[in-house]
Amino acid sequence: MCGIVGYIGTQAATEILLSGLEKLEYRGYDSAGVATVWEGEVHCVRAKGKLHNLRSKLEQLATPAQIGIGHTRWATHGKPEEHNAHPHLDAAKRIAVVQNGIIENYRELREELKQKGYEFRSETDTEVIPHLIAELAKNASSFLEAVRQAVSHLHGAFAIAVISADYPDELIVVRQQAPLVIGFGQGEFFCASDTPAIVSHTRAVLPLENGEIARLTPLGVEIYNFAGDRLKKQPRLLNLSPTMVEKQGFKHFMLKEIYEQPGVVRASLDAYFHTEVNSGESFQSPVKLGLPEQFYADIEQIHIVACGTSWHAALVGKYLLEQLAGISTQVHYASEYRYAPSPLTANTLTIGVTQSGETADTLAALAMEKERRQGKETKYQARLLGITNRPESSLGHLVPHIINTLAGIEIGVAATKTFVAQLMAFYALAIDLAYHRQTVAPDKLADIIQGLRKIPKEIEATLERQEQLTEHLAHEFAETQDFIFLGRGINFPIALEGALKLKEISYIHAEGYPAGEMKHGPIALLDAKVPVVAIAYPGTVYEKVISNSQEAKARDSRLIGVTPVSDGEAGEIFNDLLPVSSVDELLSPILTVVPLQLLAYHIAARRGLDVDQPRNLAKSVTVE
């Protein structure tokens, strides 16, 4: 995953490109670069590391050019060094290219181009593109045609932006299985991998579809398919504002987004549930997901494919779908499911969960499922649903039904509010299916929804309690090297998520386990240097978790309990408490994850790490 920004218009391009890249740095920050066209030449500046290194270079070299492209990189092919940074140029330094994705056949193209005398200066797959365009431009009728012909030789998933000194008034952009959006301003046009990069300049955007190529000039935008046919398309208005991608007084985006979670839950409640829930004989479905009636018919089994934090949300979803709707549910890593799918079963719903809607493995797993069920008898045909924060994404075009998680833009690489938003989507889906299947009494469903309506205030109360507690603990654990997280039942996925958050941003080794599995091996890890965080929430497994926690304490581990504030006995068991509000155990994951997010955040901040942009990570993985 990388970030692309392009501009053509009447303003100086360099600062627009840099400010756009700053908004996209969550997509990659191994290196960065910009290329502009000025006085008949391509001016390219690149730098290793974070974007501020590039900005320092450009302060001395900036031009008044009014066209340019920029890139912030997450390294795939080639180490994160300056010579591998984008943009990449052709041999004559007349063409500059930035790319997001992977060119799968770059080795073959590289060898062909070498035989024609082209020399390569990087280890990247991208460098074949400017050389290929330069070769084809020798006989092409236009710059657009040269790029179109070059694209026909490329295999893989990619988004590309190209400029040329020989065509100083043209910016060519291409999309194939990697996101790219065009922005329409007043006498100026933009392109970007994601809308935060351009929302401060325009709200009128047009996402390119797969297999489309666009020519941006000062006079307008032309869209074509890869066959060269002109397409007619209209931009749409974004429901975003520039303030949505600002920190608004918080030290980090991650902390801001943790505190936005009550609002995210409120937005979900407003979107997914009817205002009034009636029980009794007149009880109607309390959920409004906009799914057609035939969607609910005869579902016998559910498969969920996801990656990372979305996989943890899916595990909570499995619990809800099985316990409320009574549907056998399996959760798969999308990267594994692609190559070892489950046998075809009848009346199976497949759900893809991805906050960006662009996760390569999840999209590929869903596409495979769609293809292998094509032409089968009705009961074996694909029934697909997506859960995403970006309904306009590739996922939205791949599957017929989408649950929009309504979290708003999330800049921090470590997911927080989007995780809670995905949980809310699963609560709504499970309740909806329970209603249609009549597996839960109407009065019980009404009680669950009323409990959900109280959650935003309870998150706010939890945040108020936790801020100083987690910050204090962070001082004591800043040098810790290992953590264990325990949970059972519906809170086992929260233990996994708590461990992942700590790993992602503090670089501390952390593992989540089902509490009952500690005796089956992991207990050998415990000593006074390994703290244990246990989610002990009153309900079906409370006493079991307490017992497992005491086993850890007996091995000298410092014991931290995520428990209800009303649990008076917890203080006798745990060395430290991270109290949350008391709610029904079924709803507790939305609360128990909050102190774990804050604990990870404060430990990372205390260690002086880059919380929003942890090393080696990107917000969404759009390549295998």
# chains A, B, ... in the order shown; residues from 1 in each chain; ligands from 1

call {"tool": "select_by_dssp", "arguments": {"residues": "region 80-201 of chain A", "states": "helix (DSSP H, G or I)", "output": "PyMOL selection string"}}
result
chain A and resi 82-84+106-115+128-137+143-152+195-197

call {"tool": "select_by_dssp", "arguments": {"residues": "region 152-338 of chain A", "states": "strand (DSSP E)", "output": "VMD selection string"}}
result
chain A and resid 156 to 164 167 to 176 181 to 184 189 to 192 204 to 207 212 to 217 220 to 225 230 to 231 236 to 237 301 to 306 328 to 333

call {"tool": "residues_around", "arguments": {"residues": "region 168-181 of chain A", "least_positions_apart": "2", "cutoff": "8 Å", "atoms": "only C-alpha atoms", "output": "PyMOL selection string"}}
result
chain A and resi 6-8+37-38+40+67-68+100-101+144+147+156-166+183+191-195+205-218+358+393-394+622

call {"tool": "closest_atom_pairs", "arguments": {"of": "region 487-600 of chain A", "to": "region 291-311 of chain A", "cutoff": "9 Å", "atoms": "only C-alpha atoms", "output": "Markdown table"}}
result
| residue | atom | partner | partner_atom | distance |
| --- | --- | --- | --- | --- |
| A:Pro493 | CA | A:Trp311 | CA | 8.9 |
| A:Leu496 | CA | A:Thr309 | CA | 8.9 |
| A:Glu497 | CA | A:Thr309 | CA | 6.5 |
| A:Leu500 | CA | A:Thr309 | CA | 7.8 |
| A:Lys501 | CA | A:Thr309 | CA | 8.8 |

call {"tool": "closest_residue", "arguments": {"among": "A:Thr348, A:Gln422, A:Gln330, A:Thr416", "to": "Leu384 (chain A)", "atoms": "only C-alpha atoms"}}
result
A:Thr348

call {"tool": "residues_around", "arguments": {"residues": "Phe574 (chain A)", "least_positions_apart": "5", "cutoff": "7 Å", "atoms": "only C-alpha atoms", "output": "ChimeraX atom specification"}}
result
/A:559-561

call {"tool": "residues_around", "arguments": {"residues": "Ala428 (chain A)", "least_positions_apart": "2", "cutoff": "9 Å", "atoms": "only C-alpha atoms", "output": "list of chain:residue names"}}
result
A:Ser268, A:Leu269, A:Tyr272, A:Phe273, A:Val287, A:Lys288, A:Leu289, A:Leu423, A:Met424, A:Ala425, A:Phe426, A:Ala430, A:Ile431, A:Asp432, A:Leu433

call {"tool": "atom_distance", "arguments": {"atom1": "CA of Lys93 (chain A)", "atom2": "CA of Ile223 (chain A)"}}
result
26.7 Å

call {"tool": "residues_around", "arguments": {"residues": "Glu135 (chain A)", "least_positions_apart": "4", "cutoff": "10 Å", "atoms": "only C-alpha atoms", "output": "PyMOL selection string"}}
result
chain A and resi 90+113+116+118+129-131+139-140+146+150
